[in-house]
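Undergrad: This is the structure, below, for whatever I ask next.
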Amino acid sequence: MLEGILTGLSTALSLTNIFMVSTGVLSGTLIGMLPGLGPISAIALMIPITYGFDSASGMILMAGVYYGAIFGGSTSSILINAPGVAGTVATAFDGYPLAKQGKAGKALAVAAYSSFFGGTIGAVFLLLGAPLLARFSTSFQSADYFALMLMGLVAVSVFTPKGQFLKAISMTIIGLMLSTVGMDNVTGTQRFTFGQLNLFDGISFLLLAMATFALSEALIITLGSQHDNYQAFLTSDLHNLKVSKKELKEIAPTIGRSSVLGFLIGVLPGAGATIASFLAYGMEQAFSFGNTKVKFGDGNLKGLAAPETANNAASTGSFVPLLTLGIPGSGTTAIMLGALISYGVQPGPQLYTESPEVFWSVIISMYLGNVVLLILNLPLIPYIARLISLPQRFLIPFILFFSLIGVYLVSFNTFDIYMMVGFATIAISLRFLEFPMAPMLIGFVLGNLLEDNLRRSLLISNGKLEFLWERPITLAIFSITIIILTFPLYRFIRSKLQTKNNL
Amino acid sequence: MISRNFIKYWTIRQVITIVTTFLLVSHYLIADTQVHRLHFLIPGGAGGGWDGTARGVGEALTKSGLVKHISYQNMSGGGGGRAIAHLVKTAKRQQDTLMVNSTPIVIRSLQKIFSHSFQDLTPIAAVIADYGVFAVVNESEIQNWQQVVTLFQNDPSQLTVSGGSGRGSMDHLVAALAFQAVGEDPKKVRYIPYDAGGKAMAGLLSGETKILSTGLGEALEQHRSGQIRILAITANERSPVVPNVPTFKELGYEVVFINWRGFFGPPDLSQEKVKIHSKTLKKMFQTPHWEKVRIRNGWKNLYISGEKFHNFLMQQESMISKLMKELGFL
Amino acid sequence: MSKNRFGAVVIFGFSIAYGMIALHFPVPPAFNDSASPSSFPISLSAAGIIVSMLIFLLPATSAATTPELTSKGILRVFLLLLLMIFYGFVIKIFGFFVSTILFLSIGFSIMGERKLKVIFLTATVTTIIFWVSLTQFLKIYLDSGSLSKFVFGLLNLD
């Protein structure tokens, strides 16, 4: 194994390859910042360029693009509340409030550190445990996935501020409802499409996220603006990347917990980075329950570090089923599989036994992408953060353009633009009625997975409900979910007791 | 207020001049005046199967010099229906446009999902093929297809068959076809749909389902590494990549199913154009550049063009239509 | 009526409408399903009805902060919404290049920028940067719009 790692390192560390990975990271970051172009499109668009290179260089370039695009996505999520990939939705929950308070530099730095450590810890697990974890990745069945998705929904919405609980639930339901639009995955029946071809594939995540997060936020800023030269964000502290020792101490355990959780969720081919980020966010809320200075959702550093760590650890974890079983768990790993095959690497158990040096060099390349990302992007952060110091009269049209063109570049359908305007208008109205948008998007993201796995479990069990408790994994996840559900009750009782004591 | 300012500074004529200048410039920057130029219309997003086929073929065509310039347009939506509608609507200016597509276009046309059918388009040529296979996990007690048939005959409800797409889609239809050929009721097949081939494979490995119906390309690696065993293949003859897997024909069942990928032109494309396009594609098969692309992607060549391609499609359509009627989908 | 209750009524109405549509899905061929395509939507609709009724009935505690409002802001947002619809409309006709310049220029003016030179230069430079990086580096195909195709079709330049 050591030998394999060393050969992997020596090929990776040639001058050409360092140049390759740097180019990849930079272009990936730039591409990923445009909301419509996530890691999937970034890699798809970059692969043809790499065909002329030898496979090691190609792979390393791709690793750079991959990590760059993920970081680019977090950047737009933090700076302008525009999560272009489902895995960065939770990043916006606390990242964007930080940017609004003028701490964009710090938020980006925390995101970069968290992704780096998430990726690092993930890579260590991958090196040590990949062959062993292969069994774990096929141990989950549909019923377990259903339980996991339910836990994800509950974990985030339970910890809403006082008085918001029911409203959060109602918005989650709306999100679930929106996820049912389009062709039914099981029977092929068209649901809520009204005969519209444009709705046949359902509402795209990107469209809904851009309309209800980025557009509605930009328009709400505009609603309140008094002066033409008004700046949308506080910009005094923009370039300050410093994370104090105290803050580091605070987020260190978060990073530790989230990377383990994220990695394990990522190993499951039916779960992935999105659910990992939500669960990590929920877990942090549970751990710091009742003793936070900054509320979650108002710019809590833990709330930013947790999802960023978890989604990167999960992306690394998804290499376990890819490399050991040859199974792509997500869209991103599917495109990686295609890319690896085109470099002459056929992922699967044979790779590990027959050509371990290739196995190790894939992992080393990916890890190198992670390292170079941190080294290159930290000095760039002040410049990236400066984007939001533009005067509002320029910034707002830019944000609108960014969001619209990001969606349009994926579908080239003007219907999508009209639909975005509609959703943005509804989102603004609901926000005035003090109904939160975040639970809606969580419901939407998890809706399809929830329904699919539930219906598949029912099909397999012949309509009997026993699948809910027959398997130990399902039962365990349900038990944890129930424990989480008791938190609001606990909070309620405690506040009652406190008022009693004060009397 | 804004418009008043605007008019004060810019007369209408100036505005028109600027707009037309931009139109001219952008047109010349986009349009290539080369005769040998093709435009590929891809009904799905970047990174999908259709996208890979179009860009792979495009790479071979341009690198070998058969075509000077190829542009790619991704137009997803409507399960591929938007691209078809677009091609039909703008047929006149799409004389050098080829749309990539595959077997699902036949199925979805039958289901009347599209506002048009593949029959409205001009078939150019199929280029690559994949075949349906049935697989079990390595530890399974099922050793061959005959045992599957016996199990099914005893109690079809005990035999779960999974696939990577919804009911009525290709994986399901191939399974229905296989059991129909045995003389059983295809409606009794207990099909369990997953939303991606990889997830269906994970489901099989987790022991959730007994048999997996999928494409050879998606099961090859797991078969080679001994995680799963492929029991039978829907090809005409044994595949050189899995020489020990019998075809259904050998087993005595008339089950042949080819999942092709190929290209279509706009409606009523002139015979002359059809010939040019299909010849270009034919020439591509002889180039080393194509061989490189093909091996890289693990594709299998299948060249059927023009009238033959049309007949092949009609034959596939009537087979699928008969099956879907029997299953109650039509 | 308080904001909470108004919102609850909206969600209640939406849930009812959603559930009504879900009741009338075409029935797919029977494969002994225990859950049909409408089962999940109908239970969501029921959940939506119950939760919105609870919000309506239970006493509300307002915790969120309502966004600010100015009359200038309202006008601008209205214009920006129209501008986005306009963008969707013109991008089909003029293509990416011209429509984006138009969109950004009008957007900057709506937001209060007065200097025409600044407006036009910023919009054009941004558009060119985007156009070049999308079409030349990433090789994304951008349609040149139906108008230019029509004009050039007439001139027979193709």
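Following the order of the structure tokens, first chain is A, next is B, and so on, with residues numbered from 1 inside each chain and ligands from 1 in the order they appear.
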Could you tell me which residues of chain A sit within 8 Å of chain C when counting only C-alpha atoms, and give me the result as a PyMOL selection string?
TA: chain A and resi 45-46+161-164+166-167+169-170+173-174+176-177+180+184+186-187+189-192+219-220+222-226+228+392-394+396-398+401+414-415+417-418+421+430-435+451+455+458-459+462-463
Undergrad: Quick one: DSSP helix (DSSP H, G or I) residues in stretch 120-301 of chain B, as an NGL selection string?
TA: :B and (120 or 145-154 or 156-158 or 170-181 or 186-188 or 197-205 or 216-224 or 248-251 or 271-284 or 288-297)
Undergrad: Write out as a ChimeraX atom specification each polymer residue whose atoms come within 9 Å of stretch 308-318 of chain A, counting only C-alpha atoms; drop sequence neighbours fewer than 6 positions from it.
TA: /A:67,70,74,87-88,90-91,110-123,125-126,130,254-269,272-281,328-330,332-333,366
Undergrad: Using only C-alpha atoms, find the one residue out of B:Gly77, B:Pro266, B:Gly298, B:Gly168 that sits nearest to chain C.
TA: B:Gly168
Undergrad: Leaving out stretch 243-257 of chain B and any residue of its chain fewer than 5 positions from it, which residues lie within 9 Å of it when counting only C-alpha atoms, given as a PyMOL selection string?
TA: chain B and resi 130-132+145-146+174+177-178+181-182+230-238+316
Undergrad: Only N, CA, C and O atoms, please: the residues just picked out, written as a PDB file, in the first residue's frame.
TA:
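What ended up in selection_20.pdb:
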```
ATOM      1  N   ASP B 130     -26.222  -1.397 -27.657  1.00  0.00           N
ATOM      2  CA  ASP B 130     -26.045  -2.087 -26.385  1.00  0.00           C
ATOM      3  C   ASP B 130     -27.155  -3.141 -26.329  1.00  0.00           C
ATOM      4  O   ASP B 130     -28.129  -3.050 -27.067  1.00  0.00           O
ATOM      5  N   TYR B 131     -26.991  -4.149 -25.495  1.00  0.00           N
ATOM      6  CA  TYR B 131     -27.993  -5.208 -25.413  1.00  0.00           C
ATOM      7  C   TYR B 131     -28.497  -5.347 -23.990  1.00  0.00           C
ATOM      8  O   TYR B 131     -27.794  -5.012 -23.038  1.00  0.00           O
ATOM      9  N   GLY B 132     -29.713  -5.880 -23.868  1.00  0.00           N
ATOM     10  CA  GLY B 132     -30.247  -6.126 -22.545  1.00  0.00           C
ATOM     11  C   GLY B 132     -29.636  -7.381 -21.941  1.00  0.00           C
ATOM     12  O   GLY B 132     -29.366  -8.352 -22.658  1.00  0.00           O
ATOM     13  N   TRP B 145     -30.633 -19.255 -16.758  1.00  0.00           N
ATOM     14  CA  TRP B 145     -31.918 -18.662 -17.103  1.00  0.00           C
ATOM     15  C   TRP B 145     -33.054 -19.649 -16.918  1.00  0.00           C
ATOM     16  O   TRP B 145     -34.164 -19.282 -16.558  1.00  0.00           O
ATOM     17  N   GLN B 146     -32.778 -20.947 -17.182  1.00  0.00           N
ATOM     18  CA  GLN B 146     -33.819 -21.956 -17.066  1.00  0.00           C
ATOM     19  C   GLN B 146     -34.390 -21.996 -15.652  1.00  0.00           C
ATOM     20  O   GLN B 146     -35.599 -22.137 -15.455  1.00  0.00           O
ATOM     21  N   VAL B 174     -37.851  -5.050 -21.630  1.00  0.00           N
ATOM     22  CA  VAL B 174     -36.983  -6.185 -21.970  1.00  0.00           C
ATOM     23  C   VAL B 174     -37.318  -7.377 -21.070  1.00  0.00           C
ATOM     24  O   VAL B 174     -37.415  -8.524 -21.545  1.00  0.00           O
ATOM     25  N   LEU B 177     -40.571  -8.822 -22.182  1.00  0.00           N
ATOM     26  CA  LEU B 177     -40.344  -9.535 -23.436  1.00  0.00           C
ATOM     27  C   LEU B 177     -39.780 -10.932 -23.175  1.00  0.00           C
ATOM     28  O   LEU B 177     -40.225 -11.926 -23.766  1.00  0.00           O
ATOM     29  N   ALA B 178     -38.822 -10.992 -22.259  1.00  0.00           N
ATOM     30  CA  ALA B 178     -38.162 -12.264 -21.966  1.00  0.00           C
ATOM     31  C   ALA B 178     -39.141 -13.275 -21.385  1.00  0.00           C
ATOM     32  O   ALA B 178     -39.127 -14.449 -21.759  1.00  0.00           O
ATOM     33  N   ALA B 181     -41.697 -14.495 -23.991  1.00  0.00           N
ATOM     34  CA  ALA B 181     -41.154 -15.488 -24.910  1.00  0.00           C
ATOM     35  C   ALA B 181     -41.205 -16.887 -24.313  1.00  0.00           C
ATOM     36  O   ALA B 181     -41.244 -17.891 -25.021  1.00  0.00           O
ATOM     37  N   VAL B 182     -41.203 -16.943 -22.980  1.00  0.00           N
ATOM     38  CA  VAL B 182     -41.261 -18.228 -22.295  1.00  0.00           C
ATOM     39  C   VAL B 182     -42.684 -18.792 -22.342  1.00  0.00           C
ATOM     40  O   VAL B 182     -42.928 -19.956 -22.061  1.00  0.00           O
ATOM     41  N   ILE B 230     -24.030 -12.638 -15.124  1.00  0.00           N
ATOM     42  CA  ILE B 230     -24.997 -12.377 -16.188  1.00  0.00           C
ATOM     43  C   ILE B 230     -25.503 -13.721 -16.694  1.00  0.00           C
ATOM     44  O   ILE B 230     -24.708 -14.607 -17.019  1.00  0.00           O
ATOM     45  N   LEU B 231     -26.850 -13.857 -16.750  1.00  0.00           N
ATOM     46  CA  LEU B 231     -27.422 -15.155 -17.113  1.00  0.00           C
ATOM     47  C   LEU B 231     -27.689 -15.281 -18.603  1.00  0.00           C
ATOM     48  O   LEU B 231     -27.538 -16.352 -19.176  1.00  0.00           O
ATOM     49  N   ALA B 232     -28.108 -14.175 -19.230  1.00  0.00           N
ATOM     50  CA  ALA B 232     -28.449 -14.243 -20.651  1.00  0.00           C
ATOM     51  C   ALA B 232     -28.417 -12.853 -21.249  1.00  0.00           C
ATOM     52  O   ALA B 232     -28.558 -11.850 -20.534  1.00  0.00           O
ATOM     53  N   ILE B 233     -28.230 -12.809 -22.570  1.00  0.00           N
ATOM     54  CA  ILE B 233     -28.127 -11.530 -23.259  1.00  0.00           C
ATOM     55  C   ILE B 233     -29.086 -11.510 -24.448  1.00  0.00           C
ATOM     56  O   ILE B 233     -29.340 -12.536 -25.081  1.00  0.00           O
ATOM     57  N   THR B 234     -29.638 -10.327 -24.752  1.00  0.00           N
ATOM     58  CA  THR B 234     -30.649 -10.229 -25.814  1.00  0.00           C
ATOM     59  C   THR B 234     -30.047  -9.980 -27.194  1.00  0.00           C
ATOM     60  O   THR B 234     -30.737  -9.501 -28.086  1.00  0.00           O
ATOM     61  N   ALA B 235     -28.758 -10.275 -27.370  1.00  0.00           N
ATOM     62  CA  ALA B 235     -28.126 -10.040 -28.669  1.00  0.00           C
ATOM     63  C   ALA B 235     -28.408 -11.199 -29.627  1.00  0.00           C
ATOM     64  O   ALA B 235     -28.893 -12.251 -29.219  1.00  0.00           O
ATOM     65  N   ASN B 236     -28.092 -10.985 -30.903  1.00  0.00           N
ATOM     66  CA  ASN B 236     -28.250 -12.026 -31.908  1.00  0.00           C
ATOM     67  C   ASN B 236     -27.231 -13.147 -31.734  1.00  0.00           C
ATOM     68  O   ASN B 236     -27.509 -14.305 -31.980  1.00  0.00           O
ATOM     69  N   GLU B 237     -26.025 -12.734 -31.373  1.00  0.00           N
ATOM     70  CA  GLU B 237     -24.975 -13.720 -31.156  1.00  0.00           C
ATOM     71  C   GLU B 237     -24.195 -13.346 -29.901  1.00  0.00           C
ATOM     72  O   GLU B 237     -24.324 -12.235 -29.403  1.00  0.00           O
ATOM     73  N   ARG B 238     -23.372 -14.288 -29.420  1.00  0.00           N
ATOM     74  CA  ARG B 238     -22.634 -14.015 -28.183  1.00  0.00           C
ATOM     75  C   ARG B 238     -21.740 -12.786 -28.319  1.00  0.00           C
ATOM     76  O   ARG B 238     -21.184 -12.543 -29.377  1.00  0.00           O
ATOM     77  N   GLN B 316     -38.937  -2.449 -34.706  1.00  0.00           N
ATOM     78  CA  GLN B 316     -38.816  -2.319 -33.254  1.00  0.00           C
ATOM     79  C   GLN B 316     -40.098  -1.715 -32.676  1.00  0.00           C
ATOM     80  O   GLN B 316     -40.583  -2.151 -31.640  1.00  0.00           O
TER      81      GLN B 316
END
```
Undergrad: Please report as a list in words which residues of chain B come no farther than 6 Å from chain C, using only C-alpha atoms.
TA: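 Taken together, these residues fit the definition: Tyr72, Gln73 and Gly328 of chain B.
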Undergrad: Closest to chain B among A:Ala92, A:Ala334, A:Leu400, A:Leu238, using only C-alpha atoms?
TA: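 Closest to chain B, using only C-alpha atoms: A:Ala334.
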Undergrad: Find the spatial neighbours of A:Thr324, counting only C-alpha atoms, within a cut-off of 9 Å - ignore same-chain residues fewer than 4 positions away - and output them as a short mmCIF file (atom, residue, chain, number, x, y, z; two decimals) with N, CA and C atoms, in the first residue's frame.
TA:
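And here is the file that came out, around_29.cif:
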```
data_model
loop_
_atom_site.label_atom_id
_atom_site.label_comp_id
_atom_site.auth_asym_id
_atom_site.auth_seq_id
_atom_site.Cartn_x
_atom_site.Cartn_y
_atom_site.Cartn_z
N ALA A 130 -11.33 1.70 2.31
CA ALA A 130 -12.16 1.53 1.12
C ALA A 130 -12.63 0.08 0.91
N PRO A 131 -11.71 -0.89 0.90
CA PRO A 131 -12.18 -2.26 0.64
C PRO A 131 -13.16 -2.77 1.70
N LEU A 133 -15.16 -0.90 3.53
CA LEU A 133 -16.41 -0.16 3.51
C LEU A 133 -17.32 -0.57 2.35
N ALA A 134 -16.76 -1.32 1.41
CA ALA A 134 -17.55 -1.74 0.26
C ALA A 134 -18.81 -2.47 0.72
N PHE A 319 -16.53 7.88 -3.48
CA PHE A 319 -15.54 7.13 -4.25
C PHE A 319 -15.44 5.68 -3.79
N VAL A 320 -15.96 5.38 -2.61
CA VAL A 320 -15.91 4.00 -2.14
C VAL A 320 -16.71 3.07 -3.05
N PRO A 347 -12.94 1.65 -12.93
CA PRO A 347 -13.12 1.47 -11.49
C PRO A 347 -13.90 0.19 -11.20
N GLY A 348 -13.58 -0.45 -10.11
CA GLY A 348 -14.23 -1.71 -9.73
C GLY A 348 -13.28 -2.47 -8.83
N PRO A 349 -13.75 -3.56 -8.26
CA PRO A 349 -12.91 -4.30 -7.32
C PRO A 349 -11.61 -4.80 -7.95
N GLN A 350 -11.66 -5.03 -9.26
CA GLN A 350 -10.45 -5.51 -9.92
C GLN A 350 -9.35 -4.47 -9.89
N LEU A 351 -9.78 -3.21 -9.89
CA LEU A 351 -8.79 -2.13 -9.90
C LEU A 351 -7.90 -2.24 -8.67
N TYR A 352 -8.53 -2.51 -7.55
CA TYR A 352 -7.79 -2.55 -6.29
C TYR A 352 -6.86 -3.77 -6.24
#
```
Undergrad: Please identify every residue of chain B that has at least one atom no more than 7 Å from any atom of chain A, counting only C-alpha atoms, and report them as a PyMOL selection string.
TA: chain B and resi 45-47+75-79+166-167+192-193+195+198-199+202-203+205-206+208+221-222+225+296-297
Undergrad: Write a file of the selected residues as a PDB file, in the first residue's frame, keeping C-alpha atoms.
TA:
```pdb
ATOM      1  CA  GLY B  45     -27.921  17.825 -20.588  1.00  0.00           C
ATOM      2  CA  ALA B  46     -24.135  17.847 -20.596  1.00  0.00           C
ATOM      3  CA  GLY B  47     -22.698  14.624 -19.225  1.00  0.00           C
ATOM      4  CA  MET B  75     -31.647  21.014 -25.212  1.00  0.00           C
ATOM      5  CA  SER B  76     -33.083  18.958 -22.375  1.00  0.00           C
ATOM      6  CA  GLY B  77     -36.713  18.810 -21.324  1.00  0.00           C
ATOM      7  CA  GLY B  78     -39.832  16.779 -21.908  1.00  0.00           C
ATOM      8  CA  GLY B  79     -37.880  13.515 -21.758  1.00  0.00           C
ATOM      9  CA  GLY B 166     -39.613   3.494 -14.397  1.00  0.00           C
ATOM     10  CA  ARG B 167     -42.328   1.063 -15.323  1.00  0.00           C
ATOM     11  CA  ILE B 192     -39.079  -2.889  -9.156  1.00  0.00           C
ATOM     12  CA  PRO B 193     -38.026   0.459 -10.663  1.00  0.00           C
ATOM     13  CA  ASP B 195     -34.191   5.975 -10.759  1.00  0.00           C
ATOM     14  CA  GLY B 198     -26.241   2.431 -10.610  1.00  0.00           C
ATOM     15  CA  LYS B 199     -28.890   2.461  -7.897  1.00  0.00           C
ATOM     16  CA  ALA B 202     -26.720  -1.327  -5.652  1.00  0.00           C
ATOM     17  CA  GLY B 203     -30.216  -2.644  -4.918  1.00  0.00           C
ATOM     18  CA  LEU B 205     -26.081  -6.191  -4.459  1.00  0.00           C
ATOM     19  CA  SER B 206     -27.885  -5.295  -1.227  1.00  0.00           C
ATOM     20  CA  GLU B 208     -33.237  -6.232  -2.089  1.00  0.00           C
ATOM     21  CA  GLU B 221     -17.522  -4.480 -14.797  1.00  0.00           C
ATOM     22  CA  GLN B 222     -19.470  -6.100 -11.958  1.00  0.00           C
ATOM     23  CA  SER B 225     -15.101  -8.824 -11.121  1.00  0.00           C
ATOM     24  CA  ARG B 296     -12.511   4.484 -24.579  1.00  0.00           C
ATOM     25  CA  ASN B 297     -16.268   4.306 -24.054  1.00  0.00           C
TER      26      ASN B 297
END
```
Undergrad: Would you kindly return, as a list in words, each protein, DNA or RNA residue with an atom no farther than 9 Å from any atom of stretch 487-499 of chain A, considering only C-alpha atoms and excluding same-chain residues fewer than 6 positions away?
TA: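 After dropping sequence-adjacent residues, the list is Val158, Phe159, Phe165, Ala286, Phe289 and Gly290 of chain A.
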Undergrad: For a quick check of understanding, using only C-alpha atoms, which of A:Ala252, A:Val21, A:Leu446, A:Ile405 has the smallest distance to A:Ala86?
TA: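 The closest residue to A:Ala86 is A:Leu446.
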Undergrad: Find the residues near B:Ile211: any atom within 6 Å, counting only C-alpha atoms, skip ones fewer than 2 places away on the same chain, and give them as a list in words.
TA: Ala135, Val136 and Val161 of chain B
